[in-house]
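Text of final-v5.txt, listed as compact mmCIF, C-alpha atoms and all ligand atoms:
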# COMPACT_ATOMS: atom_id res chain seq x y z
CA MET A 954 58.37 -48.22 -52.81
CA VAL A 955 57.49 -44.62 -52.10
CA THR A 956 59.37 -42.14 -54.30
CA LYS A 957 61.88 -39.77 -52.80
CA ASN A 958 60.36 -36.68 -54.45
CA PHE A 959 58.48 -35.57 -51.39
CA ARG A 960 61.73 -35.38 -49.46
CA ASP A 961 63.43 -33.31 -52.14
CA ASN A 962 60.49 -30.87 -52.13
CA PHE A 963 61.33 -29.53 -48.71
CA ALA A 964 64.95 -30.57 -48.32
CA LYS A 965 66.17 -26.97 -48.54
CA ILE A 966 63.72 -25.43 -46.08
CA ALA A 967 65.02 -24.48 -42.66
CA PRO A 968 61.78 -24.13 -40.68
CA TYR A 969 61.12 -21.20 -38.36
CA VAL A 970 62.37 -21.74 -34.81
CA SER A 971 60.18 -20.16 -32.13
CA GLY A 972 61.30 -19.25 -28.61
CA GLU A 973 61.69 -22.26 -26.31
CA GLN A 974 58.59 -23.28 -24.31
CA PRO A 975 60.28 -25.39 -21.62
CA LYS A 976 58.24 -27.15 -18.96
CA MET A 977 60.30 -26.03 -15.99
CA ASP A 978 58.97 -24.83 -12.64
CA GLY A 979 59.79 -21.32 -11.45
CA LEU A 980 60.99 -20.15 -14.82
CA ILE A 981 60.86 -16.46 -15.75
CA LYS A 982 59.98 -16.59 -19.41
CA LEU A 983 61.16 -13.51 -21.29
CA ASN A 984 61.97 -15.18 -24.61
CA SER A 985 58.81 -15.19 -26.76
CA ASN A 986 57.44 -11.67 -26.43
CA GLU A 987 54.36 -12.97 -24.68
CA ASN A 988 52.34 -10.71 -22.42
CA PRO A 989 53.01 -11.29 -18.70
CA TYR A 990 49.44 -10.33 -17.77
CA PRO A 991 46.37 -12.49 -18.24
CA PRO A 992 43.78 -11.50 -20.84
CA SER A 993 40.90 -9.22 -19.83
CA PRO A 994 38.50 -10.51 -17.13
CA LYS A 995 35.84 -10.22 -19.85
CA VAL A 996 37.71 -12.96 -21.75
CA LYS A 997 37.61 -15.16 -18.65
CA LYS A 998 33.89 -14.53 -18.30
CA ALA A 999 33.26 -15.28 -21.97
CA ALA A 1000 35.28 -18.50 -21.68
CA ALA A 1001 33.06 -19.61 -18.80
CA THR A 1002 29.95 -19.23 -20.95
CA ILE A 1003 31.16 -21.46 -23.80
CA GLU A 1004 28.54 -24.13 -24.42
CA SER A 1005 30.37 -27.33 -25.22
CA ALA A 1006 27.30 -28.69 -27.03
CA LYS A 1007 27.72 -25.92 -29.65
CA LEU A 1008 31.22 -27.18 -30.43
CA SER A 1009 29.71 -30.00 -32.47
CA LEU A 1010 29.00 -27.38 -35.14
CA TYR A 1011 31.58 -25.76 -37.40
CA PRO A 1012 32.46 -22.17 -36.54
CA SER A 1013 31.33 -19.31 -38.71
CA SER A 1014 33.66 -19.57 -41.70
CA ASP A 1015 33.47 -15.80 -42.29
CA ALA A 1016 33.92 -14.99 -38.59
CA GLU A 1017 31.36 -12.20 -39.23
CA GLU A 1018 30.94 -11.12 -35.64
CA LEU A 1019 34.67 -10.81 -35.01
CA ILE A 1020 35.19 -9.05 -38.32
CA ASP A 1021 32.33 -6.61 -37.56
CA LYS A 1022 33.88 -5.90 -34.20
CA LEU A 1023 37.37 -5.31 -35.64
CA ALA A 1024 35.99 -3.11 -38.43
CA ASP A 1025 34.12 -1.06 -35.86
CA TYR A 1026 37.17 -0.88 -33.57
CA HIS A 1027 39.38 0.52 -36.35
CA GLY A 1028 36.71 2.61 -38.11
CA LEU A 1029 36.79 0.45 -41.25
CA LYS A 1030 34.25 -1.45 -43.34
CA THR A 1031 33.97 -5.22 -42.92
CA GLU A 1032 35.23 -5.62 -46.51
CA ASN A 1033 38.59 -4.23 -45.31
CA VAL A 1034 39.13 -6.86 -42.61
CA PHE A 1035 40.36 -10.48 -42.66
CA VAL A 1036 41.08 -12.82 -39.71
CA GLY A 1037 43.15 -15.98 -39.43
CA ASN A 1038 44.78 -18.49 -37.12
CA GLY A 1039 47.37 -16.16 -35.63
CA SER A 1040 49.15 -13.50 -37.66
CA ASP A 1041 51.65 -16.13 -38.79
CA GLU A 1042 48.87 -17.75 -40.80
CA VAL A 1043 47.62 -14.40 -42.06
CA LEU A 1044 51.15 -13.49 -43.20
CA GLY A 1045 51.71 -16.92 -44.78
CA LEU A 1046 48.45 -16.65 -46.76
CA ALA A 1047 49.33 -13.08 -47.78
CA PHE A 1048 52.75 -14.18 -49.08
CA ARG A 1049 50.97 -16.88 -51.11
CA ALA A 1050 48.31 -14.44 -52.30
CA PHE A 1051 50.37 -11.43 -53.32
CA PHE A 1052 53.96 -12.40 -54.03
CA ASN A 1053 53.78 -14.00 -57.47
CA SER A 1054 56.23 -11.85 -59.40
CA GLU A 1055 59.44 -13.00 -61.05
CA LEU A 1056 61.06 -10.07 -59.28
CA PRO A 1057 62.23 -10.70 -55.72
CA ILE A 1058 60.25 -9.37 -52.79
CA ALA A 1059 62.24 -7.05 -50.53
CA TYR A 1060 62.66 -6.83 -46.76
CA PRO A 1061 65.39 -5.89 -44.27
CA ASP A 1062 68.25 -8.28 -43.47
CA ILE A 1063 67.38 -8.14 -39.78
CA THR A 1064 63.67 -8.66 -39.26
CA TYR A 1065 61.10 -11.34 -38.44
CA SER A 1066 62.82 -14.60 -39.31
CA PHE A 1067 59.67 -16.31 -40.61
CA TYR A 1068 59.77 -14.29 -43.89
CA PRO A 1069 62.59 -16.30 -45.53
CA VAL A 1070 60.85 -19.52 -44.47
CA TRP A 1071 57.63 -18.59 -46.31
CA CYS A 1072 59.72 -17.51 -49.31
CA GLU A 1073 61.34 -20.95 -49.46
CA PHE A 1074 58.04 -22.69 -48.77
CA PHE A 1075 56.13 -20.87 -51.52
CA LYS A 1076 59.18 -20.54 -53.82
CA ILE A 1077 59.11 -16.74 -53.75
CA PRO A 1078 62.38 -15.03 -54.76
CA PHE A 1079 63.56 -12.46 -52.24
CA VAL A 1080 66.26 -9.88 -51.62
CA THR A 1081 67.24 -8.35 -48.29
CA PHE A 1082 68.56 -4.85 -47.60
CA ALA A 1083 70.89 -4.24 -44.69
CA LEU A 1084 69.70 -2.13 -41.78
CA ASP A 1085 72.06 0.80 -41.24
CA ASP A 1086 74.62 0.93 -38.42
CA SER A 1087 71.97 2.11 -35.94
CA PHE A 1088 69.70 -0.77 -37.01
CA ARG A 1089 67.32 1.54 -38.90
CA ILE A 1090 65.61 0.61 -42.16
CA ASN A 1091 66.61 2.76 -45.15
CA ALA A 1092 63.40 3.57 -47.06
CA ASP A 1093 65.41 4.37 -50.23
CA ASP A 1094 66.43 0.71 -50.53
CA TYR A 1095 62.83 -0.06 -51.45
CA ILE A 1096 62.71 2.21 -54.50
CA ALA A 1097 64.26 -0.39 -56.84
CA PRO A 1098 61.73 -2.53 -58.76
CA ASN A 1099 60.67 -5.54 -56.68
CA GLY A 1100 57.90 -8.13 -56.42
CA GLY A 1101 56.55 -6.72 -53.14
CA VAL A 1102 57.79 -5.38 -49.81
CA VAL A 1103 57.43 -6.57 -46.20
CA ILE A 1104 58.23 -4.24 -43.33
CA THR A 1105 57.82 -5.15 -39.68
CA ASN A 1106 56.96 -1.92 -37.88
CA PRO A 1107 58.08 -1.68 -35.13
CA ASN A 1108 60.80 -4.00 -36.33
CA ALA A 1109 61.77 -7.22 -34.57
CA PRO A 1110 64.09 -8.10 -32.99
CA THR A 1111 65.45 -4.53 -33.01
CA SER A 1112 62.28 -3.04 -31.38
CA ILE A 1113 62.70 0.22 -33.35
CA GLY A 1114 59.53 1.85 -34.70
CA GLU A 1115 59.24 4.06 -37.78
CA ARG A 1116 56.68 6.82 -38.27
CA THR A 1117 53.80 6.66 -40.74
CA ASP A 1118 55.61 9.01 -43.16
CA PHE A 1119 58.34 6.42 -43.52
CA ILE A 1120 55.78 3.77 -44.56
CA ARG A 1121 54.12 6.32 -46.84
CA LYS A 1122 57.43 6.82 -48.65
CA ILE A 1123 57.76 3.07 -49.24
CA LEU A 1124 54.14 2.89 -50.45
CA ASP A 1125 54.63 5.83 -52.83
CA ASN A 1126 57.64 4.12 -54.39
CA ASN A 1127 55.87 0.77 -54.77
CA ARG A 1128 52.41 1.56 -56.15
CA ASP A 1129 52.37 -1.49 -58.43
CA VAL A 1130 53.13 -4.16 -55.79
CA VAL A 1131 51.70 -5.13 -52.42
CA VAL A 1132 53.41 -3.73 -49.35
CA ILE A 1133 52.80 -5.75 -46.16
CA VAL A 1134 53.32 -3.92 -42.88
CA ASP A 1135 53.52 -6.39 -39.98
CA GLU A 1136 52.40 -4.46 -36.89
CA ALA A 1137 52.58 -7.30 -34.34
CA TYR A 1138 54.03 -4.92 -31.72
CA VAL A 1139 52.48 -1.61 -32.72
CA ASP A 1140 50.32 -1.17 -29.59
CA PHE A 1141 53.39 -0.70 -27.36
CA GLY A 1142 54.24 2.74 -28.76
CA GLY A 1143 54.48 2.34 -32.53
CA SER A 1144 52.64 4.26 -35.26
CA SER A 1145 49.99 2.25 -37.09
CA SER A 1146 49.56 2.56 -40.85
CA ILE A 1147 45.95 1.37 -40.73
CA GLU A 1148 44.75 4.88 -41.55
CA LEU A 1149 46.64 4.69 -44.87
CA ILE A 1150 44.63 1.79 -46.28
CA GLN A 1151 41.95 4.18 -47.63
CA GLU A 1152 44.66 6.00 -49.56
CA TYR A 1153 46.82 3.10 -50.75
CA ASP A 1154 45.23 0.10 -52.45
CA ASN A 1155 48.59 -1.73 -52.25
CA LEU A 1156 48.86 -1.72 -48.43
CA LEU A 1157 48.10 -4.70 -46.18
CA VAL A 1158 48.50 -4.10 -42.43
CA VAL A 1159 48.80 -7.21 -40.23
CA HIS A 1160 47.89 -7.35 -36.50
CA THR A 1161 47.84 -10.02 -33.81
CA PHE A 1162 45.96 -10.76 -30.58
CA SER A 1163 49.04 -12.57 -29.23
CA LYS A 1164 50.97 -9.64 -27.79
CA SER A 1165 49.05 -6.59 -26.51
CA ARG A 1166 45.86 -8.62 -25.95
CA SER A 1167 47.54 -11.48 -24.04
CA LEU A 1168 45.91 -14.09 -26.28
CA ALA A 1169 48.81 -15.98 -27.88
CA GLY A 1170 47.13 -19.21 -26.78
CA ILE A 1171 44.01 -18.80 -28.93
CA ARG A 1172 45.84 -17.96 -32.18
CA VAL A 1173 44.04 -14.98 -33.70
CA GLY A 1174 45.56 -12.58 -36.19
CA ALA A 1175 44.02 -10.10 -38.61
CA CYS A 1176 44.85 -7.97 -41.60
CA PHE A 1177 43.42 -4.77 -42.97
CA GLY A 1178 43.50 -3.53 -46.54
CA ASN A 1179 41.67 -2.46 -49.65
CA SER A 1180 38.56 -4.61 -50.32
CA GLU A 1181 40.17 -6.18 -53.38
CA LEU A 1182 43.17 -7.38 -51.37
CA ILE A 1183 40.86 -8.76 -48.67
CA ALA A 1184 38.76 -10.59 -51.28
CA VAL A 1185 41.93 -12.28 -52.56
CA MET A 1186 42.89 -13.22 -48.99
CA ASN A 1187 39.47 -14.88 -48.63
CA THR A 1188 39.92 -16.80 -51.88
CA VAL A 1189 43.30 -18.09 -50.71
CA LYS A 1190 41.93 -18.96 -47.26
CA ASN A 1191 38.94 -20.80 -48.72
CA SER A 1192 41.26 -22.77 -50.97
CA PHE A 1193 43.21 -24.02 -47.98
CA ASN A 1194 41.18 -24.04 -44.75
CA SER A 1195 37.72 -22.44 -44.55
CA TYR A 1196 37.61 -22.43 -40.73
CA PRO A 1197 40.93 -21.06 -39.50
CA VAL A 1198 39.49 -19.26 -36.46
CA ASP A 1199 37.60 -21.66 -34.21
CA THR A 1200 34.40 -20.95 -32.27
CA ILE A 1201 36.19 -20.42 -28.95
CA ALA A 1202 38.84 -18.16 -30.43
CA GLN A 1203 36.23 -15.98 -32.17
CA LYS A 1204 34.29 -15.55 -28.96
CA LEU A 1205 37.30 -14.73 -26.79
CA ALA A 1206 38.81 -12.32 -29.32
CA ILE A 1207 35.50 -10.40 -29.39
CA ALA A 1208 35.42 -10.26 -25.58
CA SER A 1209 38.95 -8.85 -25.58
CA LEU A 1210 37.97 -6.05 -27.98
CA ASP A 1211 35.12 -5.20 -25.59
CA ASP A 1212 37.53 -4.21 -22.82
CA GLU A 1213 39.44 -1.16 -23.98
CA SER A 1214 40.29 0.07 -20.50
CA TYR A 1215 41.94 -3.20 -19.42
CA PHE A 1216 43.83 -3.26 -22.74
CA SER A 1217 45.18 0.25 -22.33
CA ASP A 1218 46.04 -0.38 -18.66
CA ILE A 1219 48.25 -3.40 -19.34
CA VAL A 1220 49.88 -1.81 -22.37
CA HIS A 1221 50.66 1.25 -20.27
CA GLU A 1222 52.02 -0.93 -17.47
CA ILE A 1223 54.34 -2.77 -19.88
CA ILE A 1224 55.62 0.52 -21.35
CA THR A 1225 56.35 1.86 -17.83
CA THR A 1226 58.15 -1.37 -16.86
CA ARG A 1227 60.11 -1.19 -20.12
CA GLU A 1228 61.33 2.34 -19.43
CA ASN A 1229 62.34 1.40 -15.86
CA THR A 1230 64.16 -1.71 -17.10
CA VAL A 1231 66.09 0.25 -19.72
CA LYS A 1232 67.26 2.71 -17.02
CA ALA A 1233 68.30 -0.09 -14.64
CA LEU A 1234 70.18 -1.86 -17.44
CA GLU A 1235 71.98 1.36 -18.35
CA GLN A 1236 73.34 1.52 -14.77
CA LEU A 1237 74.82 -1.93 -15.37
CA GLY A 1238 76.58 -0.97 -18.60
CA PHE A 1239 73.98 -2.08 -21.14
CA HIS A 1240 73.16 -0.13 -24.31
CA THR A 1241 69.55 -0.66 -25.37
CA LEU A 1242 67.96 0.36 -28.66
CA GLU A 1243 64.96 2.68 -28.37
CA SER A 1244 62.00 0.34 -28.08
CA SER A 1245 58.42 0.77 -29.28
CA THR A 1246 57.57 -2.85 -28.44
CA ASN A 1247 57.04 -5.20 -25.49
CA PHE A 1248 60.68 -6.26 -25.69
CA ILE A 1249 64.09 -4.64 -25.74
CA PHE A 1250 67.22 -5.33 -27.76
CA THR A 1251 70.29 -4.76 -25.67
CA THR A 1252 74.05 -5.27 -25.62
CA HIS A 1253 76.59 -5.00 -22.81
CA GLU A 1254 79.71 -2.84 -23.02
CA SER A 1255 82.06 -5.66 -21.93
CA ILE A 1256 80.33 -9.01 -21.35
CA HIS A 1257 79.31 -11.02 -24.41
CA ALA A 1258 75.58 -11.62 -24.95
CA LYS A 1259 76.06 -15.39 -25.11
CA GLU A 1260 77.66 -15.41 -21.67
CA ILE A 1261 74.84 -13.31 -20.23
CA PHE A 1262 72.27 -15.60 -21.86
CA VAL A 1263 73.87 -18.69 -20.26
CA HIS A 1264 74.12 -16.98 -16.85
CA LEU A 1265 70.43 -15.94 -16.94
CA ARG A 1266 69.36 -19.44 -17.95
CA GLU A 1267 71.19 -20.85 -14.94
CA ASP A 1268 69.09 -18.44 -12.87
CA LYS A 1269 65.98 -19.79 -14.65
CA ILE A 1270 65.49 -16.59 -16.61
CA LEU A 1271 64.94 -17.23 -20.27
CA VAL A 1272 65.71 -14.50 -22.83
CA ARG A 1273 66.38 -14.79 -26.57
CA TYR A 1274 69.84 -14.96 -28.06
CA PHE A 1275 70.33 -15.06 -31.85
CA ASN A 1276 73.65 -16.45 -32.99
CA LYS A 1277 73.55 -14.47 -36.22
CA PRO A 1278 75.77 -11.93 -38.01
CA ARG A 1279 75.54 -8.35 -36.66
CA ILE A 1280 73.19 -9.22 -33.78
CA GLY A 1281 75.22 -11.98 -32.11
CA ASN A 1282 76.20 -9.67 -29.25
CA TYR A 1283 72.63 -8.61 -28.45
CA LEU A 1284 69.89 -10.09 -26.30
CA ARG A 1285 66.19 -9.74 -26.97
CA ILE A 1286 64.41 -9.50 -23.64
CA THR A 1287 60.61 -9.55 -23.37
CA ILE A 1288 59.16 -7.09 -20.85
CA GLY A 1289 57.55 -9.09 -18.06
CA THR A 1290 55.95 -7.86 -14.84
CA ALA A 1291 57.87 -5.34 -12.70
CA ALA A 1292 58.73 -8.21 -10.30
CA GLN A 1293 60.08 -10.37 -13.13
CA MET A 1294 62.23 -7.51 -14.40
CA ASP A 1295 63.53 -6.88 -10.87
CA ALA A 1296 64.59 -10.53 -10.77
CA LEU A 1297 66.34 -10.07 -14.10
CA ILE A 1298 68.22 -7.00 -12.86
CA GLU A 1299 69.21 -8.77 -9.62
CA SER A 1300 70.54 -11.72 -11.57
CA LEU A 1301 72.53 -9.40 -13.84
CA GLU A 1302 73.91 -7.52 -10.85
CA ARG A 1303 75.30 -10.82 -9.57
CA LEU A 1304 77.06 -11.39 -12.91
CA ILE A 1305 78.44 -7.89 -13.48
N1 LIG B 1401 55.07 -10.97 -36.68
C1 LIG B 1401 56.09 -10.77 -35.86
C2 LIG B 1401 57.03 -9.66 -36.13
C3 LIG B 1401 56.26 -11.59 -34.73
O1 LIG B 1401 57.30 -11.40 -33.90
C4 LIG B 1401 55.34 -12.62 -34.47
C5 LIG B 1401 55.49 -13.51 -33.25
N2 LIG B 1401 56.41 -14.54 -33.40
C6 LIG B 1401 54.30 -12.80 -35.39
C7 LIG B 1401 54.18 -11.95 -36.47
C8 LIG B 1401 53.32 -13.93 -35.24
O2 LIG B 1401 52.49 -13.83 -34.15
P1 LIG B 1401 51.16 -14.68 -34.01
O3 LIG B 1401 51.19 -15.78 -35.04
O4 LIG B 1401 51.16 -15.19 -32.63
O5 LIG B 1401 50.04 -13.74 -34.28
As structure tokens, the full file:
Amino acid sequence: MVTKNFRDNFAKIAPYVSGEQPKMDGLIKLNSNENPYPPSPKVKKAAATIESAKLSLYPSSDAEELIDKLADYHGLKTENVFVGNGSDEVLGLAFRAFFNSELPIAYPDITYSFYPVWCEFFKIPFVTFALDDSFRINADDYIAPNGGVVITNPNAPTSIGERTDFIRKILDNNRDVVVIVDEAYVDFGGSSSIELIQEYDNLLVVHTFSKSRSLAGIRVGACFGNSELIAVMNTVKNSFNSYPVDTIAQKLAIASLDDESYFSDIVHEIITTRENTVKALEQLGFHTLESSTNFIFTTHESIHAKEIFVHLREDKILVRYFNKPRIGNYLRITIGTAAQMDALIESLERLI
């Protein structure tokens, strides 16, 4: 009979729960921070030129062309760039690669909820520090000795962005450990720390094609750091899966980087829609944290978030509700098209 050990291995892990992906017609989906616009027309064109015969071959394991393109885009050398199957994979590999200390790694109590899952999965000790009453990260919390630091900037689900000086302070106080800055949402108004990687050999900045580039479906993420950190990332990758980014994904990600004007247009459109939505919500009695992302984190002065969530769902509008301490009276709402946000406001007007 098979032993029970394999069950005990993972008995304690509560896996990450992503936003629902229901198959329902006419749904307005504002629950997974996806981009409401399609990817660049150049991506569509590139997709049409994919030769299926070439798919019999393995993709480039080093994804050279994509890495060259990303290095060029950010003004870096190729030795500073790594790509993977979505930034979730890049982050998971980075946790495995860099968090080996007996000391706990440190991150905020309210942040991306995949971090504790990787800690359990890889048996990494961790400690969390509470955000302050305005949901800001306190950089001084990260002065105490630790096994590494992870900061989502802008943070999720709070949407609040911190300036580069804030990240610099954390880096200065943690020269002997790796500091991961997860910039999944940085293109919507945040400050990127990529420029600091020349100065700090302990910094790893993680990006994704899923949000600002409308490519969640192809699963491409990247990280940027000192060449030694990137070499270790490659060792870890090649000890697990040598081909994380498939041929199609590499090609489409490159095409997306070739269309800067489309990229800045849709990002600008989402920021404008966000600002309009925040104003309309304010009229209805909502208080919204200042967002630097493609989503907002908002609470109503008298109606509980859970009730609003249920009402919106009945109207086929899906937003994210976290039944967790401190944030249980907030909703995380992805910024959709202007028409989708109008529908949201109309539905809320009916409730309020
Ligand atoms: N980091 C943060 C903060 C996120 O919210 C997400 C999206 N769930 C990711 C990373 C992962 O994104 P992806 O794997 O699609 O690149």
Next item on the list: Enumerate residues in contact with ligand LIG 1401 (chain B): an atom-to-atom distance of at most 9 Å, counting only C-alpha atoms and all ligand atoms. Format the result as a PyMOL selection string.
Entry: chain A and resi 971-972+985-987+1037-1044+1064-1067+1105-1110+1135-1138+1159-1164+1168-1175
For the residues in that selection, give me C-alpha atoms as a short mmCIF file (atom, residue, chain, number, x, y, z; two decimals), in the frame of the given file.
data_model
loop_
_atom_site.label_atom_id
_atom_site.label_comp_id
_atom_site.auth_asym_id
_atom_site.auth_seq_id
_atom_site.Cartn_x
_atom_site.Cartn_y
_atom_site.Cartn_z
CA SER A 971 60.18 -20.16 -32.13
CA GLY A 972 61.30 -19.25 -28.61
CA SER A 985 58.81 -15.19 -26.76
CA ASN A 986 57.44 -11.67 -26.43
CA GLU A 987 54.36 -12.97 -24.68
CA GLY A 1037 43.15 -15.98 -39.43
CA ASN A 1038 44.78 -18.49 -37.12
CA GLY A 1039 47.37 -16.16 -35.63
CA SER A 1040 49.15 -13.50 -37.66
CA ASP A 1041 51.65 -16.13 -38.79
CA GLU A 1042 48.87 -17.75 -40.80
CA VAL A 1043 47.62 -14.40 -42.06
CA LEU A 1044 51.15 -13.49 -43.20
CA THR A 1064 63.67 -8.66 -39.26
CA TYR A 1065 61.10 -11.34 -38.44
CA SER A 1066 62.82 -14.60 -39.31
CA PHE A 1067 59.67 -16.31 -40.61
CA THR A 1105 57.82 -5.15 -39.68
CA ASN A 1106 56.96 -1.92 -37.88
CA PRO A 1107 58.08 -1.68 -35.13
CA ASN A 1108 60.80 -4.00 -36.33
CA ALA A 1109 61.77 -7.22 -34.57
CA PRO A 1110 64.09 -8.10 -32.99
CA ASP A 1135 53.52 -6.39 -39.98
CA GLU A 1136 52.40 -4.46 -36.89
CA ALA A 1137 52.58 -7.30 -34.34
CA TYR A 1138 54.03 -4.92 -31.72
CA VAL A 1159 48.80 -7.21 -40.23
CA HIS A 1160 47.89 -7.35 -36.50
CA THR A 1161 47.84 -10.02 -33.81
CA PHE A 1162 45.96 -10.76 -30.58
CA SER A 1163 49.04 -12.57 -29.23
CA LYS A 1164 50.97 -9.64 -27.79
CA LEU A 1168 45.91 -14.09 -26.28
CA ALA A 1169 48.81 -15.98 -27.88
CA GLY A 1170 47.13 -19.21 -26.78
CA ILE A 1171 44.01 -18.80 -28.93
CA ARG A 1172 45.84 -17.96 -32.18
CA VAL A 1173 44.04 -14.98 -33.70
CA GLY A 1174 45.56 -12.58 -36.19
CA ALA A 1175 44.02 -10.10 -38.61
#
Worksheet item: What's the 10 Å shell around segment 1270-1274 of chain A, counting all atoms listed in the file, without same-chain residues fewer than 5 positions away, as an MDAnalysis selection string?
Response: chainID A and resid 971:975 979:986 1110 1250 1258:1259 1261:1265 1280:1287 1293:1294 1296:1297 1300
Residue with the minimum atom-to-atom distance to Ile1147 of chain A, picked from A:Leu1242, A:Ala1001, A:Ala1092, A:Cys1176 with all atoms listed in the file counted, is A:Cys1176
- Item | Who sits within 8 Å of segment 1198-1203 of chain A, all atoms listed in the file, same chain under 4 positions skipped, as a list in words |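 Near segment 1198-1203 of chain A, the qualifying residues are Ala1000, Ile1003, Leu1008, Tyr1011, Pro1012, Ser1013, Ser1014, Ala1016, Glu1018, Leu1019, Val1036, Gly1037, Asn1038, Ile1171, Arg1172, Val1173 and Ile1207 of chain A.
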Exercise: segment 1098-1101 of chain A partners within 9 Å, all atoms listed in the file, chain neighbours under 4 positions left out, as a list in words |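 The contact residues come out as Phe1051, Phe1052, Asn1053, Ser1054, Glu1055, Leu1056, Pro1057, Ile1058, Ala1059, Tyr1060, Pro1078, Phe1079, Val1080, Asn1126, Asn1127, Asp1129, Val1130, Val1131, Val1132 and Ile1133 of chain A.
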Can I get the residues of segment 974-1064 of chain A within 7 Å of segment 1179-1196 of chain A, each with the closest pair of atoms and their distance in Å to one decimal, using all atoms listed in the file, sorted chain first then ascending number, as JSON lines?
{"residue": "A:Pro1012", "atom": "CA", "partner": "A:Tyr1196", "partner_atom": "CA", "distance": 6.6}
{"residue": "A:Ser1014", "atom": "CA", "partner": "A:Tyr1196", "partner_atom": "CA", "distance": 5.0}
{"residue": "A:Glu1032", "atom": "CA", "partner": "A:Ser1180", "partner_atom": "CA", "distance": 5.2}
{"residue": "A:Asn1033", "atom": "CA", "partner": "A:Ser1180", "partner_atom": "CA", "distance": 5.0}
{"residue": "A:Val1034", "atom": "CA", "partner": "A:Ile1183", "partner_atom": "CA", "distance": 6.6}
{"residue": "A:Phe1035", "atom": "CA", "partner": "A:Ile1183", "partner_atom": "CA", "distance": 6.3}
{"residue": "A:Leu1046", "atom": "CA", "partner": "A:Val1189", "partner_atom": "CA", "distance": 6.6}
{"residue": "A:Ala1047", "atom": "CA", "partner": "A:Met1186", "partner_atom": "CA", "distance": 6.6}
{"residue": "A:Ala1050", "atom": "CA", "partner": "A:Val1189", "partner_atom": "CA", "distance": 6.4}
Straight-line distance linking atom CA of Ser993 of chain A with atom CA of Ser1209 of chain A, stated in Å to one decimal |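 Spanning atom CA of Ser993 of chain A to atom CA of Ser1209 of chain A is a straight-line distance of 6.1 Å.
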Closest of A:Phe1248, A:Phe1239, A:Tyr1068, A:Phe959 to Thr1226 of chain A, counting only C-alpha atoms, is A:Phe1248
Between A:Tyr969, A:Phe1074, A:Phe1177, A:Tyr1215, smallest distance to Glu1148 of chain A by all atoms listed in the file belongs to A:Phe1177
From the list A:Lys1269, A:Leu1301, A:Arg1128, A:Phe1075, the nearest residue to Lys976 of chain A using all atoms listed in the file is A:Lys1269
Computed gap from atom CA of Glu1260 of chain A to atom CA of Ile1288 of chain A is 20.3 Å
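Computed from the coordinates, the atom CA of Asn1155 of chain A to atom CA of Ser1087 of chain A distance equals 28.8 Å.
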| said: From the options A:His1257, A:Arg1116, A:Arg1279, A:Arg1303, which residue's atoms come nearest to Asp1085 of chain A, counting all atoms listed in the file? | reply: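 Distance minimum relative to Asp1085 of chain A lands on A:Arg1279.
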As a PDB file, in the coordinates of the input, the rebuilt segment 1261-1269 of chain A with N, CA, C and O atoms:
ATOM      1  N   ILE A1261      75.950 -13.819 -21.056  1.00  0.00           N
ATOM      2  CA  ILE A1261      74.840 -13.310 -20.230  1.00  0.00           C
ATOM      3  C   ILE A1261      73.630 -14.240 -20.365  1.00  0.00           C
ATOM      4  O   ILE A1261      72.969 -14.586 -19.381  1.00  0.00           O
ATOM      5  N   PHE A1262      73.386 -14.679 -21.584  1.00  0.00           N
ATOM      6  CA  PHE A1262      72.270 -15.600 -21.860  1.00  0.00           C
ATOM      7  C   PHE A1262      72.407 -16.867 -21.004  1.00  0.00           C
ATOM      8  O   PHE A1262      71.460 -17.306 -20.345  1.00  0.00           O
ATOM      9  N   VAL A1263      73.625 -17.435 -20.998  1.00  0.00           N
ATOM     10  CA  VAL A1263      73.870 -18.690 -20.260  1.00  0.00           C
ATOM     11  C   VAL A1263      73.703 -18.442 -18.753  1.00  0.00           C
ATOM     12  O   VAL A1263      73.055 -19.221 -18.049  1.00  0.00           O
ATOM     13  N   HIS A1264      74.240 -17.317 -18.271  1.00  0.00           N
ATOM     14  CA  HIS A1264      74.120 -16.980 -16.850  1.00  0.00           C
ATOM     15  C   HIS A1264      72.641 -16.859 -16.455  1.00  0.00           C
ATOM     16  O   HIS A1264      72.209 -17.406 -15.425  1.00  0.00           O
ATOM     17  N   LEU A1265      71.855 -16.146 -17.269  1.00  0.00           N
ATOM     18  CA  LEU A1265      70.430 -15.940 -16.940  1.00  0.00           C
ATOM     19  C   LEU A1265      69.685 -17.272 -16.931  1.00  0.00           C
ATOM     20  O   LEU A1265      68.839 -17.535 -16.082  1.00  0.00           O
ATOM     21  N   ARG A1266      70.044 -18.137 -17.869  1.00  0.00           N
ATOM     22  CA  ARG A1266      69.360 -19.440 -17.950  1.00  0.00           C
ATOM     23  C   ARG A1266      69.632 -20.255 -16.679  1.00  0.00           C
ATOM     24  O   ARG A1266      68.743 -20.931 -16.167  1.00  0.00           O
ATOM     25  N   GLU A1267      70.864 -20.137 -16.188  1.00  0.00           N
ATOM     26  CA  GLU A1267      71.190 -20.850 -14.940  1.00  0.00           C
ATOM     27  C   GLU A1267      70.331 -20.319 -13.786  1.00  0.00           C
ATOM     28  O   GLU A1267      70.006 -21.051 -12.860  1.00  0.00           O
ATOM     29  N   ASP A1268      69.974 -19.036 -13.882  1.00  0.00           N
ATOM     30  CA  ASP A1268      69.090 -18.440 -12.870  1.00  0.00           C
ATOM     31  C   ASP A1268      67.614 -18.618 -13.235  1.00  0.00           C
ATOM     32  O   ASP A1268      66.749 -17.924 -12.701  1.00  0.00           O
ATOM     33  N   LYS A1269      67.355 -19.482 -14.187  1.00  0.00           N
ATOM     34  CA  LYS A1269      65.980 -19.790 -14.650  1.00  0.00           C
ATOM     35  C   LYS A1269      65.283 -18.565 -15.244  1.00  0.00           C
ATOM     36  O   LYS A1269      64.075 -18.359 -15.062  1.00  0.00           O
TER      37      LYS A1269
END
